[in-house]
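To keep things clear, I will list the structure first and then write my remarks on it.
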Amino acid sequence: MQTIHQQQTDAQLVQSFKEGHAAALETLIHRYKDKIYTGIFMLVKDQYTAEDIFQDTFMKIIRTIRAGRYSEQGKFLPWAMRVAHNLCMDHFRKVRQQVNITLSDGTDLSEILGSADDIASTSLEKRQTHDSIRQLIELLPEEQREVIILRIYGDMSFKEISDMTSVSINTALGRMRYGLINLRKMIDEKKLVLR
């Protein structure tokens, strides 16, 4: 049964899930979990927060499909990334409303706790390259970083990115262009060899 689902398109899997086949949803999750999780992680930069938002994303996806509010247009991944992005933005709104906890010596508690990084990869070399690129992306200005994450990890079109971020397509394209230029400069400055 699992191999049948693996050969189906996203639209077929969604339809199969609507008909009560839970394995169809498992296949969709397995198909896109890495891209969606990585996109979330690169926005929130914390493993545990990313895991929570990832779970919330799929819970929302399940509820939306079951309620019949998902309209298939052959774009499951961009839609799922939009759901994840919106949940990340909700998270940031909540965090901004929270008060920082400062210790008696003036140190912010969040700095001590830090953020865990546990992105799985098949080989050490791949992981090192992925980590290097991720670290460079994190150094970009927020607008450039967001467009690159949505484009590369979310596989979203510039139209979808412009809709999601409430900017024109030209602005999204410009942010992507400047982000890539800045990445190239950093790669050259650090003399990184990307394999």
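Labels for the structure tokens follow display order: chains A, B, ..., residues from 1 in each chain, ligands from 1.
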(message) Give me the residues near A:Ile149 as a PyMOL selection string, where near means some atom within 9 Å (using only C-alpha atoms) and where sequence neighbours in that chain fewer than 5 positions away do not count.
(response) chain A and resi 38-40+42-43+137+144+154-155
For the residues in that selection, give me N, CA and C atoms as an mmCIF file, in the first residue's frame.
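Written out: out-v2.cif:
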```cif
data_model
loop_
_atom_site.group_PDB
_atom_site.id
_atom_site.type_symbol
_atom_site.label_atom_id
_atom_site.label_comp_id
_atom_site.auth_asym_id
_atom_site.auth_seq_id
_atom_site.Cartn_x
_atom_site.Cartn_y
_atom_site.Cartn_z
ATOM 1 N N THR A 38 13.166 22.490 7.287
ATOM 2 C CA THR A 38 14.326 23.354 7.079
ATOM 3 C C THR A 38 13.892 24.803 6.886
ATOM 4 N N GLY A 39 12.822 25.013 6.133
ATOM 5 C CA GLY A 39 12.303 26.367 5.949
ATOM 6 C C GLY A 39 11.894 26.995 7.268
ATOM 7 N N ILE A 40 11.231 26.211 8.099
ATOM 8 C CA ILE A 40 10.813 26.696 9.426
ATOM 9 C C ILE A 40 12.046 26.978 10.280
ATOM 10 N N MET A 42 15.070 27.664 9.482
ATOM 11 C CA MET A 42 15.874 28.802 9.046
ATOM 12 C C MET A 42 15.205 30.128 9.389
ATOM 13 N N LEU A 43 13.910 30.109 9.604
ATOM 14 C CA LEU A 43 13.230 31.329 10.037
ATOM 15 C C LEU A 43 13.318 31.509 11.550
ATOM 16 N N ILE A 137 23.377 32.139 4.935
ATOM 17 C CA ILE A 137 22.024 32.664 4.718
ATOM 18 C C ILE A 137 21.562 33.424 5.952
ATOM 19 N N GLN A 144 16.054 39.547 2.528
ATOM 20 C CA GLN A 144 16.741 38.690 1.571
ATOM 21 C C GLN A 144 16.704 37.238 2.032
ATOM 22 N N GLY A 154 11.252 26.288 0.127
ATOM 23 C CA GLY A 154 9.799 26.200 -0.034
ATOM 24 C C GLY A 154 9.370 25.939 -1.454
ATOM 25 N N ASP A 155 10.326 26.031 -2.399
ATOM 26 C CA ASP A 155 10.032 25.766 -3.802
ATOM 27 C C ASP A 155 8.871 26.633 -4.301
#
```
If we count only C-alpha atoms, what is near stretch 77-84 of chain A at a cut-off of 8 Å, once residues fewer than 2 positions away on the same chain are taken out, given as a PDB file with N, CA and C atoms, in the first residue's frame?
```
ATOM      1  N   TYR A  32       7.777  15.790   1.943  1.00  0.00           N
ATOM      2  CA  TYR A  32       8.134  17.203   2.078  1.00  0.00           C
ATOM      3  C   TYR A  32       8.659  17.614   3.448  1.00  0.00           C
ATOM      4  N   ILE A  36      10.062  21.476   4.443  1.00  0.00           N
ATOM      5  CA  ILE A  36       9.221  22.291   5.319  1.00  0.00           C
ATOM      6  C   ILE A  36       9.937  22.545   6.648  1.00  0.00           C
ATOM      7  N   GLY A  39      12.822  25.013   6.133  1.00  0.00           N
ATOM      8  CA  GLY A  39      12.303  26.367   5.949  1.00  0.00           C
ATOM      9  C   GLY A  39      11.894  26.995   7.268  1.00  0.00           C
ATOM     10  N   ILE A  40      11.231  26.211   8.099  1.00  0.00           N
ATOM     11  CA  ILE A  40      10.813  26.696   9.426  1.00  0.00           C
ATOM     12  C   ILE A  40      12.046  26.978  10.280  1.00  0.00           C
ATOM     13  N   ILE A  53       6.523  24.099  15.567  1.00  0.00           N
ATOM     14  CA  ILE A  53       5.835  24.736  14.443  1.00  0.00           C
ATOM     15  C   ILE A  53       5.620  23.728  13.318  1.00  0.00           C
ATOM     16  N   PHE A  54       6.580  22.833  13.107  1.00  0.00           N
ATOM     17  CA  PHE A  54       6.434  21.787  12.085  1.00  0.00           C
ATOM     18  C   PHE A  54       5.210  20.924  12.397  1.00  0.00           C
ATOM     19  N   THR A  57       2.104  22.871  11.857  1.00  0.00           N
ATOM     20  CA  THR A  57       1.858  23.025  10.419  1.00  0.00           C
ATOM     21  C   THR A  57       1.059  21.842   9.891  1.00  0.00           C
ATOM     22  N   LYS A  60      -2.489  21.732  11.172  1.00  0.00           N
ATOM     23  CA  LYS A  60      -3.336  22.687  10.460  1.00  0.00           C
ATOM     24  C   LYS A  60      -3.661  22.175   9.057  1.00  0.00           C
ATOM     25  N   ILE A  61      -2.684  21.564   8.409  1.00  0.00           N
ATOM     26  CA  ILE A  61      -2.909  20.987   7.087  1.00  0.00           C
ATOM     27  C   ILE A  61      -3.990  19.911   7.165  1.00  0.00           C
ATOM     28  N   LYS A  75      -0.258  22.540  -6.178  1.00  0.00           N
ATOM     29  CA  LYS A  75       0.798  23.278  -5.475  1.00  0.00           C
ATOM     30  C   LYS A  75       0.752  22.979  -3.987  1.00  0.00           C
ATOM     31  N   ASN A  86       3.187  31.308   7.920  1.00  0.00           N
ATOM     32  CA  ASN A  86       2.213  32.046   8.740  1.00  0.00           C
ATOM     33  C   ASN A  86       2.329  31.669  10.211  1.00  0.00           C
ATOM     34  N   LEU A  87       2.551  30.390  10.489  1.00  0.00           N
ATOM     35  CA  LEU A  87       2.718  29.953  11.876  1.00  0.00           C
ATOM     36  C   LEU A  87       4.017  30.519  12.470  1.00  0.00           C
ATOM     37  N   CYS A  88       5.069  30.627  11.649  1.00  0.00           N
ATOM     38  CA  CYS A  88       6.317  31.245  12.112  1.00  0.00           C
ATOM     39  C   CYS A  88       6.073  32.719  12.455  1.00  0.00           C
ATOM     40  N   LEU A 150      12.180  30.856   1.223  1.00  0.00           N
ATOM     41  CA  LEU A 150      10.911  30.474   0.601  1.00  0.00           C
ATOM     42  C   LEU A 150      11.118  29.943  -0.815  1.00  0.00           C
ATOM     43  N   GLY A 154      11.252  26.288   0.127  1.00  0.00           N
ATOM     44  CA  GLY A 154       9.799  26.200  -0.034  1.00  0.00           C
ATOM     45  C   GLY A 154       9.370  25.939  -1.454  1.00  0.00           C
ATOM     46  N   ASP A 155      10.326  26.031  -2.399  1.00  0.00           N
ATOM     47  CA  ASP A 155      10.032  25.766  -3.802  1.00  0.00           C
ATOM     48  C   ASP A 155       8.871  26.633  -4.301  1.00  0.00           C
ATOM     49  N   MET A 156       8.816  27.867  -3.798  1.00  0.00           N
ATOM     50  CA  MET A 156       7.712  28.756  -4.140  1.00  0.00           C
ATOM     51  C   MET A 156       8.090  29.647  -5.318  1.00  0.00           C
ATOM     52  N   GLU A 160       4.075  33.669  -5.645  1.00  0.00           N
ATOM     53  CA  GLU A 160       3.636  33.170  -4.339  1.00  0.00           C
ATOM     54  C   GLU A 160       4.383  33.869  -3.207  1.00  0.00           C
ATOM     55  N   MET A 164       2.756  36.178  -0.293  1.00  0.00           N
ATOM     56  CA  MET A 164       2.946  35.817   1.107  1.00  0.00           C
ATOM     57  C   MET A 164       3.594  36.949   1.912  1.00  0.00           C
TER      58      MET A 164
END
```
(request) Work out how far atom CA of A:Gln15 is from atom CA of A:Arg69, in Å to one decimal. (result)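 Between these atoms lies a distance of 12.6 Å.
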(request) Work out how far atom CA of A:Val167 is from atom CA of A:Ala50, in Å to one decimal. (result) 25.2 Å
